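Participant: So that we are looking at the same thing, I have put the structure below in structure tokens.
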Amino acid sequence: MEKETNFLYLENVYKSYGPKTVLDDIDLAVSEREFCTVVGPSGCGKSTLLRLVLGQEFPTSGTIRMQGEPLGFTDTRRGIVYQRYSLFPHLNVLENVMLGKVMEMGFFRPRSKMKAAREEAMEFLSRCRLGEHTRKYPHELSGGMRQRVAIAQALIVRPRVLLMDEPFGALDPGTRESMQLFILEQWEKSAMTVFFVTHDLEEAVFLGTRIIVLSQYYIDGREEGGARGARIVADYKLGDVATSTKVKASADFGGLIEKIRHEGFSPDYRQHVTEFNLTHPDSFQTLEETERKKG
Amino acid sequence: MNDRPKIPRFLGLAAKPAGPWRAVLIAIPFVLCLGLYIAASQARHAENPRDKILPTFTQMGEAVNRMAFQEDARTGKYLMLADTVSSLRRLLLGIVLAAVLGLVIGIHMGLFPGIEALSSAFVTVVSIIPPLAILPILFITFGVDEVAKVVLIFIGTFPLICRDTYLYTKNIPREQITKALTLGAGPFRTTYSVIMPQVIPRLLDTTRLSFGAGWLFLIASEAIASTDGLGYRIFLVRRYLAMDIIIPYVFLITLLGYLIDLALKKTVSWKYSWYREQNG
């Protein structure tokens, strides 16, 4: 079980803010090129987990490794797309997308490199079907267009992992669906690993090759009334590539969603830690004896 | 059949003063003031032809002619021009210094928690000290020449500009900074390439609004200890009750203030149009 050499590896990760434990003993191994969706009830700590992988915050205890090396502060190995405040308001679309390339150049910007950067940015923009809007400013774009620019901006520096924090949450349903197909397209072309946090179960099951359910509704052997942070209560392998949105209407699809909703989102239904459905081949658990006890 | 109610031209919440009528409304207070002045001036002159308190327009015209277009007998300079140049030089030097330092320090305070911890309380305390109260200290330290006046204007305008920049920078969503880091920016590039361009239009707006205080400190320091300048001249000729010089000088100061305000407003609209769209 050489899990440490997996692409992304988290073991015994705890995150507390003062007395409150948000993430409780997270064990997660992710292979490359996985499209990992993360779901869970509101406030369970999905965004916290994202911030840990991003390097914006550090675990209270436990290890996080990428390709065997400990993760440091935020850098270009991890890209991020937020729900809002995605773009820099003082730059137009082309300048926003070029920014990653400009940062590579250092203080002096040779003309030849700027030209190459501009061309590369234009290529990404036409790939995202934004070739006509390069001179516009973010405030002149619609929500869907802004998110597409934000994705192009993140992709141009070729991050190993793309982190997305409910990126389509503020969009209307029609735009959201076209953005889902769009991100799948970009993921296939760029061969990167994606970590996608969302509220929308349908979206998570549709997009992912793997779905992780984070929840604070569980029981374990530790004393009653003790603070419990969120754990991974379920971990499923999903079909490899979603071909069209018609799959959303199938019975299997709906059945899986119901199952996840029951396992992770119902405060009344609490499984014991030893009974979690961690069926993905990469999933693993490290449990203490106290946690294993059944009450 | 017309069911629409009559839209009022002036009174009420739904009024729409538009077109040439709007220009008339705008002009009314000015015309009224002018009319009152002329009436009062004529009344005083009817009683006492040598009245100096409310000079007629002819008298003021003669005074302007003397100050602006005739060389002063003693110094050989055109006084109005010399005064304007001296005053503007002091004012602009003081405020530009306040703006540049306010920008740099404010941005660093807003971005780097260490610098914030170091300077935030201090800048707050400095901003509470009334600048005119320390003017004597400045005169003692720097003498009664140019430096003390520029320093006064600087101390009077810097704290507000600095704190405003600091708070505005702090309010820039943290997501932008994280995003910049994922794109390969270090702390230097983030500060100067990503954050500063966003803060500059705000700086220009705040500086524009600080000019009011700037003029105040300029005129106060010139009134107390100076050999030339717009404020100096006004307070000097006060002793001779020369309202025919004072009133035109006040108009000149108002005009200069208005032009500077307009110039800064237009700069932001023209060069930073995205800022107006975003912040209005």
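Residues in the structure tokens are named by chain (A, B, ... in the order shown) and by number from 1 within that chain; ligands are numbered from 1 in the order shown.
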Using only C-alpha atoms, which residues sit within 9 Å of Arg146 of chain A once same-chain residues fewer than 6 positions away are excluded, as a PyMOL selection string?
Facilitator: chain A and resi 86-87+93+138-139
Participant: Would you output that residue set with C-alpha atoms, as a compact mmCIF listing (two decimals), in the first residue's frame?
Facilitator:
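Result written to again-v3.txt:
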# COMPACT_ATOMS: atom_id res chain seq x y z
CA SER A 86 -12.42 35.68 -9.81
CA LEU A 87 -10.79 38.32 -11.94
CA VAL A 93 -9.85 39.86 -20.39
CA PRO A 138 -14.67 42.09 -16.04
CA HIS A 139 -17.52 44.40 -15.09
Participant: Do you know which residues are at most 12 Å from Ala133 of chain B counting only C-alpha atoms, after dropping those on the same chain fewer than 3 positions away, and could you put them as a PDB file with N, CA, C and O atoms, in the first residue's frame?
Facilitator:
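Written out: around_36.pdb:
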ATOM      1  N   ILE B 128      -5.262  62.463  14.879  1.00  0.00           N
ATOM      2  CA  ILE B 128      -6.131  63.172  15.814  1.00  0.00           C
ATOM      3  C   ILE B 128      -5.529  64.505  16.251  1.00  0.00           C
ATOM      4  O   ILE B 128      -6.236  65.421  16.631  1.00  0.00           O
ATOM      5  N   ILE B 129      -4.199  64.608  16.173  1.00  0.00           N
ATOM      6  CA  ILE B 129      -3.545  65.870  16.542  1.00  0.00           C
ATOM      7  C   ILE B 129      -3.996  66.955  15.579  1.00  0.00           C
ATOM      8  O   ILE B 129      -3.847  66.801  14.371  1.00  0.00           O
ATOM      9  N   PRO B 130      -4.548  68.097  16.075  1.00  0.00           N
ATOM     10  CA  PRO B 130      -4.941  69.171  15.156  1.00  0.00           C
ATOM     11  C   PRO B 130      -3.695  69.823  14.569  1.00  0.00           C
ATOM     12  O   PRO B 130      -2.881  70.355  15.329  1.00  0.00           O
ATOM     13  N   PRO B 136       3.166  76.161  15.523  1.00  0.00           N
ATOM     14  CA  PRO B 136       4.288  76.833  16.195  1.00  0.00           C
ATOM     15  C   PRO B 136       5.518  75.937  16.306  1.00  0.00           C
ATOM     16  O   PRO B 136       6.638  76.393  16.123  1.00  0.00           O
ATOM     17  N   ILE B 137       5.310  74.648  16.586  1.00  0.00           N
ATOM     18  CA  ILE B 137       6.434  73.713  16.681  1.00  0.00           C
ATOM     19  C   ILE B 137       7.174  73.644  15.336  1.00  0.00           C
ATOM     20  O   ILE B 137       8.400  73.638  15.286  1.00  0.00           O
ATOM     21  N   LEU B 138       6.377  73.630  14.256  1.00  0.00           N
ATOM     22  CA  LEU B 138       6.994  73.568  12.941  1.00  0.00           C
ATOM     23  C   LEU B 138       7.813  74.827  12.657  1.00  0.00           C
ATOM     24  O   LEU B 138       8.910  74.755  12.107  1.00  0.00           O
ATOM     25  N   PHE B 139       7.257  75.975  13.054  1.00  0.00           N
ATOM     26  CA  PHE B 139       7.998  77.217  12.840  1.00  0.00           C
ATOM     27  C   PHE B 139       9.292  77.222  13.634  1.00  0.00           C
ATOM     28  O   PHE B 139      10.330  77.668  13.173  1.00  0.00           O
ATOM     29  N   LEU B 152       3.396  71.516   7.136  1.00  0.00           N
ATOM     30  CA  LEU B 152       2.060  71.633   7.732  1.00  0.00           C
ATOM     31  C   LEU B 152       0.996  71.039   6.803  1.00  0.00           C
ATOM     32  O   LEU B 152       0.133  70.272   7.227  1.00  0.00           O
ATOM     33  N   ILE B 155       1.336  67.266   6.912  1.00  0.00           N
ATOM     34  CA  ILE B 155       0.809  66.660   8.134  1.00  0.00           C
ATOM     35  C   ILE B 155      -0.707  66.764   8.182  1.00  0.00           C
ATOM     36  O   ILE B 155      -1.395  65.906   8.734  1.00  0.00           O
ATOM     37  N   GLY B 156      -1.244  67.810   7.575  1.00  0.00           N
ATOM     38  CA  GLY B 156      -2.690  67.974   7.589  1.00  0.00           C
ATOM     39  C   GLY B 156      -3.413  67.019   6.664  1.00  0.00           C
ATOM     40  O   GLY B 156      -4.567  66.676   6.897  1.00  0.00           O
ATOM     41  N   PHE B 217      -4.857  74.817   5.360  1.00  0.00           N
ATOM     42  CA  PHE B 217      -3.558  74.895   6.033  1.00  0.00           C
ATOM     43  C   PHE B 217      -2.612  75.849   5.314  1.00  0.00           C
ATOM     44  O   PHE B 217      -1.812  76.539   5.951  1.00  0.00           O
ATOM     45  N   ALA B 220      -3.754  79.420   6.260  1.00  0.00           N
ATOM     46  CA  ALA B 220      -3.459  79.688   7.672  1.00  0.00           C
ATOM     47  C   ALA B 220      -1.972  79.946   7.873  1.00  0.00           C
ATOM     48  O   ALA B 220      -1.574  80.908   8.523  1.00  0.00           O
ATOM     49  N   SER B 221      -1.127  79.096   7.290  1.00  0.00           N
ATOM     50  CA  SER B 221       0.317  79.287   7.510  1.00  0.00           C
ATOM     51  C   SER B 221       0.824  80.540   6.811  1.00  0.00           C
ATOM     52  O   SER B 221       1.707  81.222   7.315  1.00  0.00           O
TER      53      SER B 221
END
Participant: Select from segment 65-153 of chain B everything DSSP, run on the backbone, classes as alpha helix (DSSP H), then give the selection as a PyMOL selection string.
Facilitator: chain B and resi 65-69+79-111+113-128+135-142+146-153
Participant: Against segment 174-191 of chain B, which residues of segment 30-131 of chain B fall within 9 Å? For each one I want the closest pair of atoms and the distance in Å (one decimal), counting only C-alpha atoms, rows by chain and increasing residue number, as JSON lines.
Facilitator:
{"residue": "B:Ile107", "atom": "CA", "partner": "B:Thr191", "partner_atom": "CA", "distance": 7.6}
{"residue": "B:His108", "atom": "CA", "partner": "B:Thr191", "partner_atom": "CA", "distance": 7.7}
{"residue": "B:Leu111", "atom": "CA", "partner": "B:Thr191", "partner_atom": "CA", "distance": 7.7}
Participant: From the options A:Arg292, A:Arg261, A:Arg127, A:His199, which residue's atoms come nearest to Gln83 of chain A, counting only C-alpha atoms?
Facilitator: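 Counting only C-alpha atoms, the residue closest to Gln83 of chain A is A:His199.
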Participant: Neighbours of segment 38-43 of chain B within 9 Å (only C-alpha atoms; same-chain residues fewer than 6 positions away dropped), as a PyMOL selection string?
Facilitator: chain B and resi 51+53-57
Participant: Keeping all heavy atoms, export the residues of the selection given above as an mmCIF file, in the first residue's frame.
Facilitator:
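Wrote selection-v1.cif, looks like this:
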data_model
loop_
_atom_site.group_PDB
_atom_site.id
_atom_site.type_symbol
_atom_site.label_atom_id
_atom_site.label_comp_id
_atom_site.auth_asym_id
_atom_site.auth_seq_id
_atom_site.Cartn_x
_atom_site.Cartn_y
_atom_site.Cartn_z
ATOM 1 N N ASP B 51 -16.964 104.357 0.630
ATOM 2 C CA ASP B 51 -17.094 103.082 1.337
ATOM 3 C C ASP B 51 -16.127 102.042 0.790
ATOM 4 O O ASP B 51 -15.929 101.948 -0.424
ATOM 5 C CB ASP B 51 -18.541 102.569 1.185
ATOM 6 C CG ASP B 51 -18.735 101.251 1.885
ATOM 7 O OD1 ASP B 51 -18.767 101.257 3.130
ATOM 8 O OD2 ASP B 51 -18.791 100.214 1.189
ATOM 9 N N ILE B 53 -16.151 98.687 2.256
ATOM 10 C CA ILE B 53 -16.569 97.341 2.682
ATOM 11 C C ILE B 53 -17.196 96.539 1.542
ATOM 12 O O ILE B 53 -16.949 95.362 1.385
ATOM 13 C CB ILE B 53 -17.584 97.435 3.847
ATOM 14 C CG1 ILE B 53 -17.033 98.299 4.965
ATOM 15 C CG2 ILE B 53 -17.925 96.038 4.349
ATOM 16 C CD1 ILE B 53 -15.854 97.713 5.687
ATOM 17 N N LEU B 54 -18.039 97.214 0.733
ATOM 18 C CA LEU B 54 -18.662 96.495 -0.377
ATOM 19 C C LEU B 54 -18.309 97.219 -1.674
ATOM 20 O O LEU B 54 -19.101 98.004 -2.187
ATOM 21 C CB LEU B 54 -20.189 96.440 -0.195
ATOM 22 C CG LEU B 54 -20.704 95.669 1.014
ATOM 23 C CD1 LEU B 54 -22.241 95.723 1.054
ATOM 24 C CD2 LEU B 54 -20.264 94.222 0.978
ATOM 25 N N PRO B 55 -17.112 96.956 -2.191
ATOM 26 C CA PRO B 55 -16.686 97.695 -3.391
ATOM 27 C C PRO B 55 -17.547 97.380 -4.590
ATOM 28 O O PRO B 55 -18.107 96.289 -4.715
ATOM 29 C CB PRO B 55 -15.259 97.189 -3.614
ATOM 30 C CG PRO B 55 -15.192 95.875 -2.930
ATOM 31 C CD PRO B 55 -16.115 95.956 -1.764
ATOM 32 N N THR B 56 -17.672 98.366 -5.494
ATOM 33 C CA THR B 56 -18.400 98.137 -6.744
ATOM 34 C C THR B 56 -17.524 97.312 -7.675
ATOM 35 O O THR B 56 -16.324 97.146 -7.441
ATOM 36 C CB THR B 56 -18.724 99.467 -7.440
ATOM 37 O OG1 THR B 56 -17.460 100.075 -7.780
ATOM 38 C CG2 THR B 56 -19.500 100.372 -6.538
ATOM 39 N N PHE B 57 -18.139 96.827 -8.746
ATOM 40 C CA PHE B 57 -17.371 96.005 -9.682
ATOM 41 C C PHE B 57 -16.274 96.799 -10.375
ATOM 42 O O PHE B 57 -15.205 96.286 -10.696
ATOM 43 C CB PHE B 57 -18.304 95.352 -10.708
ATOM 44 C CG PHE B 57 -19.047 94.196 -10.110
ATOM 45 C CD1 PHE B 57 -20.358 94.354 -9.708
ATOM 46 C CD2 PHE B 57 -18.415 92.975 -9.915
ATOM 47 C CE1 PHE B 57 -21.039 93.290 -9.127
ATOM 48 C CE2 PHE B 57 -19.087 91.931 -9.332
ATOM 49 C CZ PHE B 57 -20.404 92.083 -8.928
#
Participant: Here is a test: counting only C-alpha atoms, which residue of B:Asp205, B:Gly231, B:Leu241, B:Ile95 is nearest to Met80 of chain B?
Facilitator: B:Gly231
Participant: Enumerate, in order of chain and increasing residue number, the residues of chain A with an atom no farther than 6 Å from chain B, each with its shortest atom pair and distance in Å to one decimal, counting only C-alpha atoms, as a tab-separated table.
Facilitator:
residue	atom	partner	partner_atom	distance
A:Asp75	CA	B:Thr182	CA	4.7
A:Thr76	CA	B:Thr182	CA	4.5
A:Gly79	CA	B:Thr182	CA	5.6
A:Gly100	CA	B:Leu183	CA	4.6
A:Met103	CA	B:Ala185	CA	5.7
